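Novice: Supplied in structure tokens, the structure appears directly below.
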Amino acid sequence: MSVLVVGLSHRTAPVSVLERAAVPVDDVRKTVEELHLAETISEVMLLSTCNRIEVYADVARFHPAVAEITSVLARHSGLAVSDLSDHLYVHFAEAAAEHLFTVASGLDSMVVGESQILGQLRNSYALGTEIGSVGSVLHDLAQTALRVGKRVHTETGIDRAGASIVSVALDRAESVLGTLDGRTAVIVGAGSMAALAGATLRRRGIGDIVVANRSMDRGAHLAERLGGTAVPLTALAEVIAGADLVMSSTGSTGLIVEADAIGARAARPLVVLDIALPRDVDPSVAVQQGVTYLDLEALRDGGAMVSDAEVAAAMAIVAEELREHLAAVQRLAVAPTVTALRARANQVIDGELCRLDGRVPDLTSAERREVADAVRRAVEKVLHAPTVRVKELAATPGGDQYAAALRELFDLDPAAAESVAAVKKSGLS
């Protein structure tokens, strides 16, 4: 495999870097097209969300491709390559496939188990297909990843986390505040979990919604969708003072809501729901009078977080699917060698049959066919075991060495014209 992943996420970069590196929706197509023009990249697709920016590519050379992708991401973010590189991770070959399957399953998400990533991955694949930047390699990989993600969410309980965290959190809020009708909520962040929180609040009858976000454009966009208002993070203390509920999920690597942004609330209770990982809110706010503070650990105890057993089950599915995918890739890799071997055998047979015609010209057409069929059956029986076995061995560690041995022993060229023609004729192309 020559698949390469270059990216950054909430695990490796602060929100300020993620926001700069994120590729706006209107620029995704242009960025993919730019990457696809690179000499070292034959296929490419881009996954850009609020918490991760990842380039998946089929590459000819590892180091030049990493440099090219890093350069493009840096140029679009306005960051120096050296600054961006500090936050990048790189996966190659088997590790790249494993990473994509893990991402598609929601196991690498800020909130483990969220399912929005599947739709985002599907959109990235669809755009790459439309542009023509996704070929057979990324097509197979993306389709497998989407199937893996769907299987994980179907066969385990992991998919309940993304949605139920918000629901369980609001259930806890209502147990403190009573009905949410006419209440005021402050949502800190503007990503997928913040959007889910806002939509759920609207369904539960919340009165006013204020969205506070580092990027005013993204905050205003979410606020417009929710029928609320947007403010910068610098106005947090002011809007929290008039709120009944604060829900935060930014993906930041540091605290967003400091303790001094929330004062004592004896007359008007406040519920603070911190569903970010790591925490957005200083846990010390819990000691403030009238303030109820709940983070992911508290919600886990309430059944909102996936269990270790569910995560283990999801990881087992990923591992199983990865083994099957890698085995299929290896089998496909030896197919040209097997086809070249059969093409070579057919060349030898055809040559010998022609010489036989010259040496025994009196054979009837029926006799010639019988001889030809007998020779081809004999050769097929001789070739059957090694060709089947080399495909089986291809799925084992170092399995490509067996195909290499065949090529060396029989002086095969899988790229030769006759081999290519045989591949097409057999339907293996």
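Each chain in the structure tokens gets a letter, A, B, ..., in the order shown, and its residues are numbered from 1; ligands are numbered from 1 in order too.
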Would you mind listing what lies within 10 Å of Val28 of chain A as JSON, numbers by chain, with only C-alpha atoms counted and same-chain residues fewer than 4 positions away left out?
Specialist: {"A": [22, 23, 24, 32, 33, 34, 45, 46, 47, 48, 124, 127]}
Novice: Contacts of segment 257-260 of chain A at 8 Å or less, counting only C-alpha atoms, minus same-chain residues fewer than 6 places along, as a PDB file with N, CA, C and O atoms, in the first residue's frame?
Specialist:
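Dumped everything to result25.pdb:
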ATOM      1  N   LEU A 236     -17.870  36.439  27.249  1.00  0.00           N
ATOM      2  CA  LEU A 236     -18.422  35.292  27.967  1.00  0.00           C
ATOM      3  C   LEU A 236     -18.981  35.651  29.341  1.00  0.00           C
ATOM      4  O   LEU A 236     -20.106  35.276  29.685  1.00  0.00           O
ATOM      5  N   ASP A 280     -13.312  22.328  28.928  1.00  0.00           N
ATOM      6  CA  ASP A 280     -13.327  23.750  28.561  1.00  0.00           C
ATOM      7  C   ASP A 280     -13.441  24.651  29.785  1.00  0.00           C
ATOM      8  O   ASP A 280     -12.987  25.790  29.786  1.00  0.00           O
ATOM      9  N   VAL A 281     -14.089  24.137  30.822  1.00  0.00           N
ATOM     10  CA  VAL A 281     -14.463  24.956  31.978  1.00  0.00           C
ATOM     11  C   VAL A 281     -13.608  24.572  33.186  1.00  0.00           C
ATOM     12  O   VAL A 281     -13.379  23.382  33.449  1.00  0.00           O
ATOM     13  N   ASP A 282     -13.167  25.567  33.913  1.00  0.00           N
ATOM     14  CA  ASP A 282     -12.416  25.334  35.143  1.00  0.00           C
ATOM     15  C   ASP A 282     -13.331  24.613  36.143  1.00  0.00           C
ATOM     16  O   ASP A 282     -14.367  25.148  36.546  1.00  0.00           O
ATOM     17  N   PRO A 283     -12.983  23.375  36.538  1.00  0.00           N
ATOM     18  CA  PRO A 283     -13.859  22.616  37.439  1.00  0.00           C
ATOM     19  C   PRO A 283     -14.113  23.303  38.774  1.00  0.00           C
ATOM     20  O   PRO A 283     -15.081  22.961  39.473  1.00  0.00           O
ATOM     21  N   SER A 284     -13.289  24.267  39.132  1.00  0.00           N
ATOM     22  CA  SER A 284     -13.468  24.931  40.420  1.00  0.00           C
ATOM     23  C   SER A 284     -14.749  25.761  40.486  1.00  0.00           C
ATOM     24  O   SER A 284     -15.157  26.188  41.568  1.00  0.00           O
ATOM     25  N   VAL A 285     -15.400  25.976  39.329  1.00  0.00           N
ATOM     26  CA  VAL A 285     -16.666  26.728  39.352  1.00  0.00           C
ATOM     27  C   VAL A 285     -17.717  25.964  40.147  1.00  0.00           C
ATOM     28  O   VAL A 285     -18.725  26.544  40.585  1.00  0.00           O
TER      29      VAL A 285
END
Novice: Write out as an MDAnalysis selection string which residues come within 12 Å of Ala80 of chain A when counting only C-alpha atoms, dropping same-chain ones fewer than 4 positions away.
Specialist: chainID A and resid 17 20:21 70:76 84:87
Novice: Given the selection you just returned, output its residues as a file containing N, CA and C atoms, formatted as a PDB file, in the first residue's frame.
Specialist:
ATOM      1  N   VAL A  17      -4.966  26.820  16.213  1.00  0.00           N
ATOM      2  CA  VAL A  17      -4.306  26.268  15.027  1.00  0.00           C
ATOM      3  C   VAL A  17      -5.311  25.540  14.152  1.00  0.00           C
ATOM      4  N   ARG A  20      -7.289  27.955  12.072  1.00  0.00           N
ATOM      5  CA  ARG A  20      -6.537  28.522  10.954  1.00  0.00           C
ATOM      6  C   ARG A  20      -6.299  27.475   9.866  1.00  0.00           C
ATOM      7  N   ALA A  21      -6.078  26.230  10.283  1.00  0.00           N
ATOM      8  CA  ALA A  21      -5.779  25.178   9.314  1.00  0.00           C
ATOM      9  C   ALA A  21      -7.024  24.636   8.623  1.00  0.00           C
ATOM     10  N   THR A  70       2.142  19.133   3.320  1.00  0.00           N
ATOM     11  CA  THR A  70       2.391  20.081   4.404  1.00  0.00           C
ATOM     12  C   THR A  70       2.471  21.500   3.869  1.00  0.00           C
ATOM     13  N   SER A  71       3.128  21.672   2.744  1.00  0.00           N
ATOM     14  CA  SER A  71       3.268  22.999   2.134  1.00  0.00           C
ATOM     15  C   SER A  71       1.915  23.578   1.747  1.00  0.00           C
ATOM     16  N   VAL A  72       1.049  22.755   1.158  1.00  0.00           N
ATOM     17  CA  VAL A  72      -0.281  23.227   0.751  1.00  0.00           C
ATOM     18  C   VAL A  72      -1.112  23.605   1.974  1.00  0.00           C
ATOM     19  N   LEU A  73      -1.108  22.759   3.003  1.00  0.00           N
ATOM     20  CA  LEU A  73      -1.884  23.053   4.209  1.00  0.00           C
ATOM     21  C   LEU A  73      -1.370  24.319   4.889  1.00  0.00           C
ATOM     22  N   ALA A  74      -0.054  24.476   4.922  1.00  0.00           N
ATOM     23  CA  ALA A  74       0.533  25.659   5.553  1.00  0.00           C
ATOM     24  C   ALA A  74       0.156  26.917   4.784  1.00  0.00           C
ATOM     25  N   ARG A  75       0.219  26.842   3.472  1.00  0.00           N
ATOM     26  CA  ARG A  75      -0.107  28.009   2.653  1.00  0.00           C
ATOM     27  C   ARG A  75      -1.571  28.424   2.836  1.00  0.00           C
ATOM     28  N   HIS A  76      -2.460  27.458   2.904  1.00  0.00           N
ATOM     29  CA  HIS A  76      -3.880  27.781   3.071  1.00  0.00           C
ATOM     30  C   HIS A  76      -4.193  28.294   4.474  1.00  0.00           C
ATOM     31  N   LEU A  84       3.301  24.692  11.555  1.00  0.00           N
ATOM     32  CA  LEU A  84       2.259  23.700  11.322  1.00  0.00           C
ATOM     33  C   LEU A  84       2.772  22.287  11.580  1.00  0.00           C
ATOM     34  N   SER A  85       4.010  22.026  11.199  1.00  0.00           N
ATOM     35  CA  SER A  85       4.578  20.683  11.335  1.00  0.00           C
ATOM     36  C   SER A  85       4.603  20.204  12.776  1.00  0.00           C
ATOM     37  N   ASP A  86       4.688  21.127  13.719  1.00  0.00           N
ATOM     38  CA  ASP A  86       4.705  20.747  15.133  1.00  0.00           C
ATOM     39  C   ASP A  86       3.425  20.024  15.543  1.00  0.00           C
ATOM     40  N   HIS A  87       2.350  20.233  14.787  1.00  0.00           N
ATOM     41  CA  HIS A  87       1.050  19.677  15.164  1.00  0.00           C
ATOM     42  C   HIS A  87       0.592  18.550  14.238  1.00  0.00           C
TER      43      HIS A  87
END
Novice: Find the residues around segment 348-365 of chain A up to 12 Å (only C-alpha atoms counted), leave out those fewer than 2 positions away in its own chain, and share them as a PyMOL selection string.
Specialist: chain A and resi 341-346+367-380
Novice: Would you mind listing what lies within 8 Å of segment 184-191 of chain A as a compact mmCIF listing (two decimals) with C-alpha atoms, in the first residue's frame, with only C-alpha atoms counted and same-chain residues fewer than 5 positions away left out?
Specialist:
# COMPACT_ATOMS: atom_id res chain seq x y z
CA CYS A 50 -14.01 21.54 13.22
CA ASN A 51 -11.73 19.10 15.01
CA ALA A 197 -26.58 20.84 21.58
CA GLY A 198 -28.32 23.87 20.08
CA ILE A 206 -35.28 26.78 25.36
CA GLY A 207 -35.98 30.50 25.16
CA ASP A 208 -32.83 32.34 24.07
CA ILE A 209 -29.57 30.91 22.72
CA VAL A 210 -26.27 32.78 22.70
CA VAL A 211 -23.33 31.28 20.78
CA ALA A 212 -19.87 32.31 21.97
CA ASN A 213 -17.02 31.29 19.70
CA ARG A 214 -13.45 32.29 18.91
CA ARG A 218 -18.60 30.42 12.49
CA GLY A 219 -20.37 31.49 15.66
CA LEU A 222 -24.48 28.57 13.98
CA VAL A 239 -23.59 36.68 28.69
CA ILE A 240 -23.13 33.99 31.35
CA GLY A 242 -27.72 36.49 32.27
CA ALA A 243 -27.90 32.77 31.50
CA ASP A 244 -29.46 29.75 33.16
CA LEU A 245 -27.45 27.16 31.31
CA VAL A 246 -23.95 27.01 29.82
CA MET A 247 -22.95 24.18 27.51
CA SER A 248 -19.36 24.11 26.25
CA SER A 249 -17.71 21.93 23.60
CA THR A 250 -14.88 23.63 21.73
Novice: May I ask which of the residues A:Leu118, A:Val311, A:Ala67, A:Val329 is the closest one to Ser82 of chain A, counting only C-alpha atoms?
Specialist: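 Between A:Leu118, A:Val311, A:Ala67, A:Val329, the residue approaching Ser82 of chain A most closely is A:Ala67.
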Novice: May I have the residues within 7 Å of segment 143-153 of chain A as number ranges by chain, using only C-alpha atoms and disregarding those fewer than 4 positions away in the same chain?
Specialist: A: 100-101, 104-105, 118, 139, 157-159, 314, 317-318, 321
Novice: When you draw a straight line from atom CA of Leu277 of chain A to atom CA of Arg183 of chain A, how long is it in Å?
Specialist: 26.1 Å
Novice: Quick one: distance from atom CA of Ala404 of chain A to atom CA of Pro386 of chain A in Å, one decimal?
Specialist: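 So the two atoms, atom CA of Ala404 of chain A and atom CA of Pro386 of chain A, lie 13.2 Å apart.
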Novice: Using only C-alpha atoms for the distances, tell me which of A:Pro278, A:Gly119, A:Pro414, A:Pro269 is nearest to Ala173 of chain A.
Specialist: A:Pro269
Novice: Could you give me the residues within segment 199-387 of chain A that DSSP places in strand (DSSP E or B), as a PyMOL selection string?
Specialist: chain A and resi 206+208-213+229-232+245-248+257+270-274+281+291-295
Novice: Keeping N, CA and C atoms, export the residues of the selection given above as an mmCIF file, in the first residue's frame.
Specialist:
data_model
loop_
_atom_site.group_PDB
_atom_site.id
_atom_site.type_symbol
_atom_site.label_atom_id
_atom_site.label_comp_id
_atom_site.auth_asym_id
_atom_site.auth_seq_id
_atom_site.Cartn_x
_atom_site.Cartn_y
_atom_site.Cartn_z
ATOM 1 N N ILE A 206 -36.085 25.706 24.782
ATOM 2 C CA ILE A 206 -35.276 26.776 25.355
ATOM 3 C C ILE A 206 -35.721 28.133 24.804
ATOM 4 N N ASP A 208 -33.869 31.654 24.845
ATOM 5 C CA ASP A 208 -32.827 32.340 24.065
ATOM 6 C C ASP A 208 -31.546 31.515 24.021
ATOM 7 N N ILE A 209 -30.857 31.589 22.885
ATOM 8 C CA ILE A 209 -29.569 30.914 22.722
ATOM 9 C C ILE A 209 -28.525 31.947 22.315
ATOM 10 N N VAL A 210 -27.410 31.930 23.039
ATOM 11 C CA VAL A 210 -26.271 32.785 22.700
ATOM 12 C C VAL A 210 -25.096 31.881 22.366
ATOM 13 N N VAL A 211 -24.489 32.077 21.206
ATOM 14 C CA VAL A 211 -23.333 31.282 20.782
ATOM 15 C C VAL A 211 -22.074 32.120 20.951
ATOM 16 N N ALA A 212 -21.149 31.627 21.771
ATOM 17 C CA ALA A 212 -19.866 32.305 21.973
ATOM 18 C C ALA A 212 -18.775 31.461 21.336
ATOM 19 N N ASN A 213 -18.036 32.055 20.421
ATOM 20 C CA ASN A 213 -17.020 31.290 19.703
ATOM 21 C C ASN A 213 -15.824 32.174 19.366
ATOM 22 N N THR A 229 -28.178 34.474 18.957
ATOM 23 C CA THR A 229 -27.238 35.566 18.712
ATOM 24 C C THR A 229 -25.820 35.064 18.946
ATOM 25 N N ALA A 230 -24.858 35.761 18.368
ATOM 26 C CA ALA A 230 -23.452 35.363 18.491
ATOM 27 C C ALA A 230 -22.655 36.452 19.181
ATOM 28 N N VAL A 231 -21.697 36.026 20.010
ATOM 29 C CA VAL A 231 -20.813 36.973 20.687
ATOM 30 C C VAL A 231 -19.397 36.400 20.657
ATOM 31 N N PRO A 232 -18.381 37.233 20.802
ATOM 32 C CA PRO A 232 -17.004 36.726 20.889
ATOM 33 C C PRO A 232 -16.753 36.135 22.272
ATOM 34 N N LEU A 245 -28.132 28.383 31.716
ATOM 35 C CA LEU A 245 -27.451 27.161 31.313
ATOM 36 C C LEU A 245 -26.259 27.518 30.425
ATOM 37 N N VAL A 246 -25.125 26.871 30.676
ATOM 38 C CA VAL A 246 -23.947 27.011 29.817
ATOM 39 C C VAL A 246 -23.544 25.616 29.355
ATOM 40 N N MET A 247 -23.417 25.446 28.052
ATOM 41 C CA MET A 247 -22.953 24.176 27.511
ATOM 42 C C MET A 247 -21.743 24.450 26.638
ATOM 43 N N SER A 248 -20.610 23.807 26.945
ATOM 44 C CA SER A 248 -19.362 24.110 26.247
ATOM 45 C C SER A 248 -18.778 22.870 25.596
ATOM 46 N N VAL A 257 -13.479 28.706 29.705
ATOM 47 C CA VAL A 257 -14.284 29.406 30.712
ATOM 48 C C VAL A 257 -13.535 29.352 32.040
ATOM 49 N N LEU A 270 -27.400 28.294 38.127
ATOM 50 C CA LEU A 270 -26.759 28.119 36.818
ATOM 51 C C LEU A 270 -26.255 26.686 36.709
ATOM 52 N N VAL A 271 -26.549 26.062 35.574
ATOM 53 C CA VAL A 271 -26.028 24.728 35.282
ATOM 54 C C VAL A 271 -24.963 24.861 34.200
ATOM 55 N N VAL A 272 -23.783 24.348 34.485
ATOM 56 C CA VAL A 272 -22.666 24.389 33.528
ATOM 57 C C VAL A 272 -22.391 22.968 33.062
ATOM 58 N N LEU A 273 -22.579 22.726 31.778
ATOM 59 C CA LEU A 273 -22.369 21.414 31.187
ATOM 60 C C LEU A 273 -21.120 21.475 30.305
ATOM 61 N N ASP A 274 -20.071 20.823 30.747
ATOM 62 C CA ASP A 274 -18.806 20.828 30.014
ATOM 63 C C ASP A 274 -18.655 19.483 29.309
ATOM 64 N N VAL A 281 -14.089 24.137 30.822
ATOM 65 C CA VAL A 281 -14.463 24.956 31.978
ATOM 66 C C VAL A 281 -13.608 24.572 33.186
ATOM 67 N N VAL A 291 -24.173 27.149 41.562
ATOM 68 C CA VAL A 291 -23.651 26.633 40.291
ATOM 69 C C VAL A 291 -23.564 25.111 40.349
ATOM 70 N N THR A 292 -24.153 24.452 39.354
ATOM 71 C CA THR A 292 -24.045 22.995 39.203
ATOM 72 C C THR A 292 -23.156 22.710 38.005
ATOM 73 N N TYR A 293 -22.064 22.020 38.267
ATOM 74 C CA TYR A 293 -21.086 21.764 37.202
ATOM 75 C C TYR A 293 -21.047 20.271 36.883
ATOM 76 N N LEU A 294 -21.195 19.929 35.608
ATOM 77 C CA LEU A 294 -21.138 18.546 35.156
ATOM 78 C C LEU A 294 -20.170 18.440 33.985
ATOM 79 N N ASP A 295 -19.215 17.499 34.081
ATOM 80 C CA ASP A 295 -18.302 17.279 32.956
ATOM 81 C C ASP A 295 -18.534 15.874 32.398
#
Novice: What lies within 7 Å of Ala264 of chain A using only C-alpha atoms, ignoring chain neighbours under 2 positions off, as a compact mmCIF listing (two decimals) with C-alpha atoms, in the first residue's frame?
Specialist:
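Result file is around-v9.txt:
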# COMPACT_ATOMS: atom_id res chain seq x y z
CA ILE A 262 -18.83 32.72 36.72
CA ALA A 266 -27.70 32.42 44.84
CA GLN A 288 -19.62 28.61 43.50
CA GLN A 289 -22.96 29.03 45.28
CA GLY A 290 -25.88 28.16 43.01
